[in-house]
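Only one structure is covered here, and it is reproduced in the block below.
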There are 2 protein chains.
Amino acid sequence: MSRDTSKPRHHHGDLRNALVQAGIDLLEDGGIEALTLRKCAARAGVSHAAPAHHFGGLPGLRAAIAEEGFRIFSSYMQEARRQGDPSARGQLKSICRGYLRFGLDHAGILTVIFGNQGLASLVPGRNQETADAYQILREVCAPFVPEGGHCRVIEFQVWSLIHGFTLLCLAGEFGPPRQALETGVFDQVIALLEHLGPPDPALRS
Amino acid sequence: MSRDTSKPRHHHGDLRNALVQAGIDLLEDGGIEALTLRKCAARAGVSHAAPAHHFGGLPGLRAAIAEEGFRIFSSYMQEARRQGDPSARGQLKSICRGYLRFGLDHAGILTVIFGNQGLASLVPGRNQETADAYQILREVCAPFVPEGGHCRVIEFQVWSLIHGFTLLCLAGEFGPPRQALETGVFDQVIALLEHLGPPDPALRS
DNA sequence: ATATCAACTTGACACCGTCAAGTCCTTCAT
DNA sequence: ATGAAGGACTTGACGGTGTCAAGTTGATAT
């Protein structure tokens with residue numbers, strides 16, 4: 001027996017998650033401008049002020065979506081590492097490719113994650129998924145850290161390069177975004193990574 | 001004899017430029033969220049619908065601001081090239097530094113220029129200032145293009161690296177943004193450029 | 001059975017972008 | 001000089017938005 005839906009129900013049960021999912025759907029459909037507290041509420045079938053109750057306001061909703069978005073991002077990174085050539089360079093190339101693919105697949109989520117005030121302010125102290133994604137970057141970069149060098153430098157270099165490339169692709173600066181993955185432009189750009197310090201011989205393919 | 005300001009004047013004379021400047025001021029003060037047609041109008045002392053008359057709507061205002069913003073960006077690039085070490089690598093480092101400095105000085109403008117839909121859609125066919133800024137990048141990258149290589153590849157690599165680093169700095173991913181310029185982190189990151197192809201001997205310092 | 005309290009609704013407010021209609025002022029043809 | 005034309009700007013209205021205060025519902029604890 002299904003519940004009566006003709007009258008407003010006051011305990012949705014899982015409204016918070018439903019609102020986050022509704023927000024992600026709006027984001028994927030209409031971009032960052034379409035993400036609205038009231039539209040989230042309407043899509044979840046609740047009153048217009050319900051989201052504010054759970055998230056405090058629009059920034060809170062964005063933070064919750066960023067958290068979930070990072071979970072998706074992390075899954076892209078893990079999948080990329082699984083699929084990539086097992087060599088150190090193959091792994092690095094593959095996660096860069098995964099980064100770009102995530103950006104093209106989920107441009108709106110990327111905007112929310114790294115948008116405006118940045119992740120740092122959205123999710124103070126980070127969360128598990130953030131740490132997971134960054135850990136993958138660390139691991140894949142590790143073989144390229146020169147003896148006595150700072151691992152952060154390599155990570156920052158790789159992160160900056162692929163992040164910038166992804167955003168400029170989305171902005172259309174390199175031509176039609178989808179084309180970037182299919183043509184060789186992407187491979188040529190990350191070819192710069194070939195010039196990184198010599199990978200650990202133990203991990204060389 | 002100054003004009004009567006007690007009654008609304010219907011021909012401002014230079015309202016379009018005044019509105020763009022008001023918009024830039026709003027952007028610098030309160031970030032991208034503070035850029036509003038009505039606030040622009042108020043700051044310029046005109047009615048709330050005046051901006052729409054000149055720019056068609058909010059996207060049009062953003063496009064006009066992006067155009068002016070690119071002029072500022074271009075001046076940063078030119079100044080950087082003037083100040084940099086005259087060697088090919090010194091020039092490259094200096095314009096990267098100029099890019100980052102522009103981002104830190106004018107985060108809101110950077111957001112408008114490369115935000116969301118990207119410059120490509122904002123200024124179809126680009127304009128002179130856009131071409132100027134890109135020309136500087138091309139010139140500074142030229143010595144690093146390997147024989148028979150595609151110059152676009154080097155340009156895309158450099159652009160991606162510095163763009164990504166700037167945005168991640170602004171997002172706070174590398175710690176307090178201002179610190180990035182002062183400490184050596186920035187130099188370490190763009191040290192990746194040291195691995196670019198050998199500069200033209202004629203331009204080597 | 002009753003009190004408590006979180007979950008959600010309702011209603012209001014100010015601000016926003018946009019549109020239609022109106023007013024002012026310049027310019028240009030006569 | 002005069003009048004038509006039209007651009008520059010105003011006024012007023014509309015629906016959508018975030019946020020707040022107050023109310024209502026329903027599960028839970030006593």
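Just remember, in the structure tokens the first chain shown is A, the second B, etc., residues are 1-based per chain, and ligands are 1-based in the order shown.
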All residues 10 Å or closer to Gly108 of chain A, only C-alpha atoms (C1' of nucleotides), same chain fewer than 2 positions away omitted, as a list of chain:residue names: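 Selected residues are A:Ile24, A:Asp25, A:Leu26, A:Leu27, A:Glu28, A:Asp29, A:Gly30, A:Gly31, A:Ile32, A:Glu33, A:Ala34, A:Leu35, A:Gly69, A:Gly103, A:Leu104, A:Asp105, A:His106, A:Leu110, A:Thr111, A:Val112, A:Ile113, A:Gly115, B:Asn116.
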Starting from chain B, keep only residues with some atom at most 9 Å from an atom of chain A, counting only C-alpha atoms, and report them as a PyMOL selection string. chain B and resi 31-32+107-108+111+114-121+153-154+156-168+170-175+185+188-193+195-196
Saved selection, atoms kept: N, CA and C atoms, as a compact mmCIF listing (two decimals), in the first residue's frame:
# COMPACT_ATOMS: atom_id res chain seq x y z
N GLY B 31 33.44 40.34 -5.97
CA GLY B 31 33.49 39.10 -6.73
C GLY B 31 32.37 38.98 -7.74
N ILE B 32 32.36 37.85 -8.40
CA ILE B 32 31.45 37.65 -9.53
C ILE B 32 29.98 37.76 -9.12
N ALA B 107 40.91 38.79 -9.67
CA ALA B 107 40.30 37.45 -9.72
C ALA B 107 38.93 37.50 -10.38
N GLY B 108 38.16 38.55 -10.06
CA GLY B 108 36.82 38.65 -10.63
C GLY B 108 36.85 38.78 -12.14
N THR B 111 37.61 35.56 -13.76
CA THR B 111 36.42 34.70 -13.77
C THR B 111 35.50 35.05 -14.93
N PHE B 114 37.27 33.98 -18.41
CA PHE B 114 37.33 32.55 -18.72
C PHE B 114 36.18 31.77 -18.10
N GLY B 115 35.22 32.50 -17.56
CA GLY B 115 34.17 31.83 -16.80
C GLY B 115 33.20 31.05 -17.67
N ASN B 116 32.65 30.05 -17.04
CA ASN B 116 31.52 29.30 -17.58
C ASN B 116 31.60 29.01 -19.08
N GLN B 117 30.99 29.84 -19.88
CA GLN B 117 30.90 29.56 -21.30
C GLN B 117 32.20 29.85 -22.03
N GLY B 118 33.09 30.54 -21.37
CA GLY B 118 34.38 30.78 -21.99
C GLY B 118 34.41 32.02 -22.85
N LEU B 119 35.61 32.43 -23.06
CA LEU B 119 35.83 33.63 -23.85
C LEU B 119 35.32 33.45 -25.28
N ALA B 120 35.51 32.24 -25.80
CA ALA B 120 35.16 31.99 -27.19
C ALA B 120 33.72 32.40 -27.50
N SER B 121 32.83 32.11 -26.55
CA SER B 121 31.43 32.44 -26.80
C SER B 121 31.13 33.89 -26.48
N VAL B 153 51.38 23.28 -29.71
CA VAL B 153 51.54 22.34 -28.60
C VAL B 153 52.24 23.00 -27.43
N ILE B 154 53.36 23.67 -27.73
CA ILE B 154 54.09 24.36 -26.66
C ILE B 154 53.20 25.42 -26.02
N PHE B 156 49.97 25.60 -25.86
CA PHE B 156 48.91 24.99 -25.05
C PHE B 156 49.46 24.47 -23.74
N GLN B 157 50.67 23.90 -23.79
CA GLN B 157 51.28 23.40 -22.56
C GLN B 157 51.51 24.53 -21.57
N VAL B 158 52.14 25.58 -22.05
CA VAL B 158 52.45 26.70 -21.17
C VAL B 158 51.17 27.34 -20.63
N TRP B 159 50.23 27.55 -21.55
CA TRP B 159 48.98 28.19 -21.16
C TRP B 159 48.24 27.34 -20.12
N SER B 160 48.17 26.06 -20.37
CA SER B 160 47.46 25.17 -19.44
C SER B 160 48.12 25.21 -18.07
N LEU B 161 49.45 25.12 -18.06
CA LEU B 161 50.16 25.07 -16.78
C LEU B 161 49.91 26.33 -15.97
N ILE B 162 50.08 27.48 -16.59
CA ILE B 162 49.98 28.71 -15.83
C ILE B 162 48.52 29.03 -15.49
N HIS B 163 47.62 28.70 -16.41
CA HIS B 163 46.20 28.93 -16.14
C HIS B 163 45.73 28.05 -14.99
N GLY B 164 46.08 26.79 -15.05
CA GLY B 164 45.68 25.87 -13.98
C GLY B 164 46.28 26.27 -12.65
N PHE B 165 47.55 26.63 -12.67
CA PHE B 165 48.20 27.01 -11.42
C PHE B 165 47.53 28.25 -10.82
N THR B 166 47.24 29.22 -11.69
CA THR B 166 46.60 30.46 -11.20
C THR B 166 45.24 30.16 -10.57
N LEU B 167 44.44 29.35 -11.26
CA LEU B 167 43.10 29.07 -10.73
C LEU B 167 43.16 28.26 -9.45
N LEU B 168 44.07 27.30 -9.41
CA LEU B 168 44.18 26.50 -8.18
C LEU B 168 44.71 27.36 -7.04
N LEU B 170 44.01 30.56 -6.72
CA LEU B 170 42.85 31.36 -6.31
C LEU B 170 41.88 30.52 -5.50
N ALA B 171 41.79 29.23 -5.82
CA ALA B 171 40.90 28.34 -5.08
C ALA B 171 41.47 27.97 -3.73
N GLY B 172 42.71 28.39 -3.48
CA GLY B 172 43.31 28.13 -2.18
C GLY B 172 43.91 26.75 -2.04
N GLU B 173 44.06 26.06 -3.18
CA GLU B 173 44.54 24.68 -3.11
C GLU B 173 46.02 24.60 -2.75
N PHE B 174 46.73 25.69 -3.00
CA PHE B 174 48.17 25.68 -2.73
C PHE B 174 48.50 26.53 -1.52
N GLY B 175 47.50 26.76 -0.68
CA GLY B 175 47.73 27.61 0.47
C GLY B 175 47.31 29.04 0.16
N VAL B 185 57.27 28.56 -4.34
CA VAL B 185 56.41 27.51 -4.88
C VAL B 185 56.14 27.74 -6.35
N GLN B 188 59.08 26.91 -8.50
CA GLN B 188 59.28 25.47 -8.58
C GLN B 188 58.32 24.83 -9.58
N VAL B 189 57.09 25.33 -9.56
CA VAL B 189 56.10 24.74 -10.46
C VAL B 189 56.42 25.06 -11.91
N ILE B 190 56.73 26.32 -12.20
CA ILE B 190 57.02 26.62 -13.60
C ILE B 190 58.41 26.14 -14.01
N ALA B 191 59.12 25.55 -13.05
CA ALA B 191 60.41 24.94 -13.41
C ALA B 191 60.19 23.81 -14.41
N LEU B 192 58.95 23.32 -14.46
CA LEU B 192 58.64 22.28 -15.44
C LEU B 192 58.96 22.78 -16.84
N LEU B 193 58.85 24.09 -17.02
CA LEU B 193 59.10 24.66 -18.34
C LEU B 193 60.57 24.52 -18.73
N HIS B 195 62.10 22.00 -18.91
CA HIS B 195 62.25 20.76 -19.67
C HIS B 195 61.72 20.89 -21.09
N LEU B 196 61.30 22.09 -21.45
CA LEU B 196 60.86 22.29 -22.83
C LEU B 196 62.04 22.12 -23.77
Contact set, chain C to chain B: 10 Å, only C-alpha atoms (C1' of nucleotides), as a VMD selection string: chain C and resid 15 to 19 23 to 26
Need the shell around DA7 of chain C: protein/DNA/RNA residues with any atom at most 9 Å away, counting only C-alpha atoms (C1' of nucleotides). Skip same-chain ones fewer than 3 positions apart. Format as a VMD selection string? (chain A and resid 10 to 12 50 53) or (chain D and resid 25 to 26)
Mind dumping the selected residues with C-alpha atoms (C1' of nucleotides) as a JSON list (two decimals), in the first residue's frame?
[["chain", "number", "residue", "atom", "x", "y", "z"],
["A", 10, "HIS", "CA", 6.41, 16.13, 6.58],
["A", 11, "HIS", "CA", 9.04, 13.46, 6.90],
["A", 12, "HIS", "CA", 10.51, 12.60, 3.57],
["A", 50, "ALA", "CA", 12.97, 22.93, 2.56],
["A", 53, "HIS", "CA", 16.54, 23.82, 6.30],
["D", 25, "DT", "C1'", 2.99, 18.07, 11.27],
["D", 26, "DG", "C1'", 4.43, 13.81, 13.03]]
Residues within 6 Å of segment 74-79 of chain B, only C-alpha atoms (C1' of nucleotides), excluding chain neighbours under 5 positions, as a PyMOL selection string: chain B and resi 95+98+133
Please give the complete set of residues from segment 122-152 of chain A that DSSP, run on the backbone, assigns to helix (DSSP H, G or I), formatted as a PyMOL selection string. chain A and resi 122+128-144+151-152
Proximity check chain D to chain A, 12 Å, nearest pairs one decimal Å, only C-alpha atoms (C1' of nucleotides), as a tab-separated table:
residue	atom	partner	partner_atom	distance
D:DG16	C1'	A:Arg38	CA	9.2
D:DT17	C1'	A:Arg38	CA	7.8
D:DG18	C1'	A:Leu58	CA	7.5
D:DT19	C1'	A:Gly57	CA	7.9
D:DC20	C1'	A:Ala49	CA	10.0
D:DT24	C1'	A:His10	CA	9.3
D:DT25	C1'	A:His10	CA	6.1
D:DG26	C1'	A:His10	CA	7.1
D:DA27	C1'	A:His11	CA	8.9
Do a neighbour search on DA21 of chain D at 12 Å with only C-alpha atoms (C1' of nucleotides), toss out local chain neighbours closer than 4 positions, and write the hits as a ChimeraX atom specification. /C:10-13
Can you spit out the residues from that selection as a JSON list (two decimals), in the first residue's frame, using all heavy atoms?
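Dumped everything to result.json:
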[["chain", "number", "residue", "atom", "x", "y", "z"],
["C", 10, "DT", "P", 2.21, 24.23, 2.12],
["C", 10, "DT", "OP1", 0.88, 23.59, 1.94],
["C", 10, "DT", "OP2", 3.16, 24.30, 1.00],
["C", 10, "DT", "O5'", 1.99, 25.71, 2.67],
["C", 10, "DT", "C5'", 1.60, 25.89, 4.02],
["C", 10, "DT", "C4'", 1.75, 27.36, 4.43],
["C", 10, "DT", "O4'", 3.08, 27.59, 4.93],
["C", 10, "DT", "C3'", 1.53, 28.38, 3.32],
["C", 10, "DT", "O3'", 0.47, 29.23, 3.71],
["C", 10, "DT", "C2'", 2.87, 29.12, 3.19],
["C", 10, "DT", "C1'", 3.49, 28.87, 4.54],
["C", 10, "DT", "N1", 4.98, 28.85, 4.56],
["C", 10, "DT", "C2", 5.65, 29.64, 5.45],
["C", 10, "DT", "O2", 5.10, 30.38, 6.24],
["C", 10, "DT", "N3", 7.02, 29.53, 5.40],
["C", 10, "DT", "C4", 7.76, 28.72, 4.55],
["C", 10, "DT", "O4", 8.98, 28.70, 4.59],
["C", 10, "DT", "C5", 7.00, 27.92, 3.63],
["C", 10, "DT", "C7", 7.69, 27.00, 2.68],
["C", 10, "DT", "C6", 5.66, 28.02, 3.68],
["C", 11, "DG", "P", -0.17, 30.31, 2.68],
["C", 11, "DG", "OP1", -1.57, 30.52, 3.06],
["C", 11, "DG", "OP2", 0.16, 29.90, 1.30],
["C", 11, "DG", "O5'", 0.65, 31.64, 3.03],
["C", 11, "DG", "C5'", 0.76, 32.03, 4.38],
["C", 11, "DG", "C4'", 1.76, 33.16, 4.53],
["C", 11, "DG", "O4'", 3.12, 32.63, 4.51],
["C", 11, "DG", "C3'", 1.71, 34.23, 3.42],
["C", 11, "DG", "O3'", 1.63, 35.50, 4.03],
["C", 11, "DG", "C2'", 3.03, 34.04, 2.67],
["C", 11, "DG", "C1'", 3.93, 33.52, 3.78],
["C", 11, "DG", "N9", 5.11, 32.80, 3.32],
["C", 11, "DG", "C8", 5.18, 31.83, 2.35],
["C", 11, "DG", "N7", 6.39, 31.36, 2.16],
["C", 11, "DG", "C5", 7.17, 32.07, 3.06],
["C", 11, "DG", "C6", 8.56, 32.00, 3.32],
["C", 11, "DG", "O6", 9.41, 31.28, 2.79],
["C", 11, "DG", "N1", 8.94, 32.90, 4.32],
["C", 11, "DG", "C2", 8.09, 33.75, 4.98],
["C", 11, "DG", "N2", 8.64, 34.53, 5.89],
["C", 11, "DG", "N3", 6.79, 33.82, 4.74],
["C", 11, "DG", "C4", 6.39, 32.96, 3.78],
["C", 12, "DA", "P", 1.21, 36.80, 3.15],
["C", 12, "DA", "OP1", 0.12, 37.48, 3.88],
["C", 12, "DA", "OP2", 1.03, 36.41, 1.74],
["C", 12, "DA", "O5'", 2.52, 37.70, 3.26],
["C", 12, "DA", "C5'", 3.07, 37.94, 4.55],
["C", 12, "DA", "C4'", 4.55, 38.26, 4.43],
["C", 12, "DA", "O4'", 5.26, 37.09, 3.95],
["C", 12, "DA", "C3'", 4.89, 39.38, 3.44],
["C", 12, "DA", "O3'", 5.29, 40.53, 4.16],
["C", 12, "DA", "C2'", 6.04, 38.80, 2.60],
["C", 12, "DA", "C1'", 6.44, 37.53, 3.33],
["C", 12, "DA", "N9", 6.92, 36.47, 2.45],
["C", 12, "DA", "C8", 6.20, 35.76, 1.53],
["C", 12, "DA", "N7", 6.90, 34.86, 0.88],
["C", 12, "DA", "C5", 8.16, 34.99, 1.42],
["C", 12, "DA", "C6", 9.37, 34.32, 1.16],
["C", 12, "DA", "N6", 9.48, 33.35, 0.25],
["C", 12, "DA", "N1", 10.46, 34.69, 1.88],
["C", 12, "DA", "C2", 10.33, 35.68, 2.79],
["C", 12, "DA", "N3", 9.26, 36.37, 3.12],
["C", 12, "DA", "C4", 8.19, 35.97, 2.38],
["C", 13, "DC", "P", 5.42, 41.94, 3.42],
["C", 13, "DC", "OP1", 5.08, 42.96, 4.41],
["C", 13, "DC", "OP2", 4.71, 41.85, 2.12],
["C", 13, "DC", "O5'", 6.98, 42.04, 3.11],
["C", 13, "DC", "C5'", 7.92, 41.89, 4.16],
["C", 13, "DC", "C4'", 9.31, 41.77, 3.57],
["C", 13, "DC", "O4'", 9.47, 40.45, 3.02],
["C", 13, "DC", "C3'", 9.56, 42.75, 2.42],
["C", 13, "DC", "O3'", 10.47, 43.75, 2.84],
["C", 13, "DC", "C2'", 10.15, 41.89, 1.30],
["C", 13, "DC", "C1'", 10.37, 40.53, 1.93],
["C", 13, "DC", "N1", 10.06, 39.40, 1.01],
["C", 13, "DC", "C2", 11.07, 38.50, 0.69],
["C", 13, "DC", "O2", 12.19, 38.65, 1.18],
["C", 13, "DC", "N3", 10.79, 37.48, -0.16],
["C", 13, "DC", "C4", 9.57, 37.35, -0.67],
["C", 13, "DC", "N4", 9.34, 36.33, -1.49],
["C", 13, "DC", "C5", 8.53, 38.26, -0.35],
["C", 13, "DC", "C6", 8.81, 39.27, 0.48]]
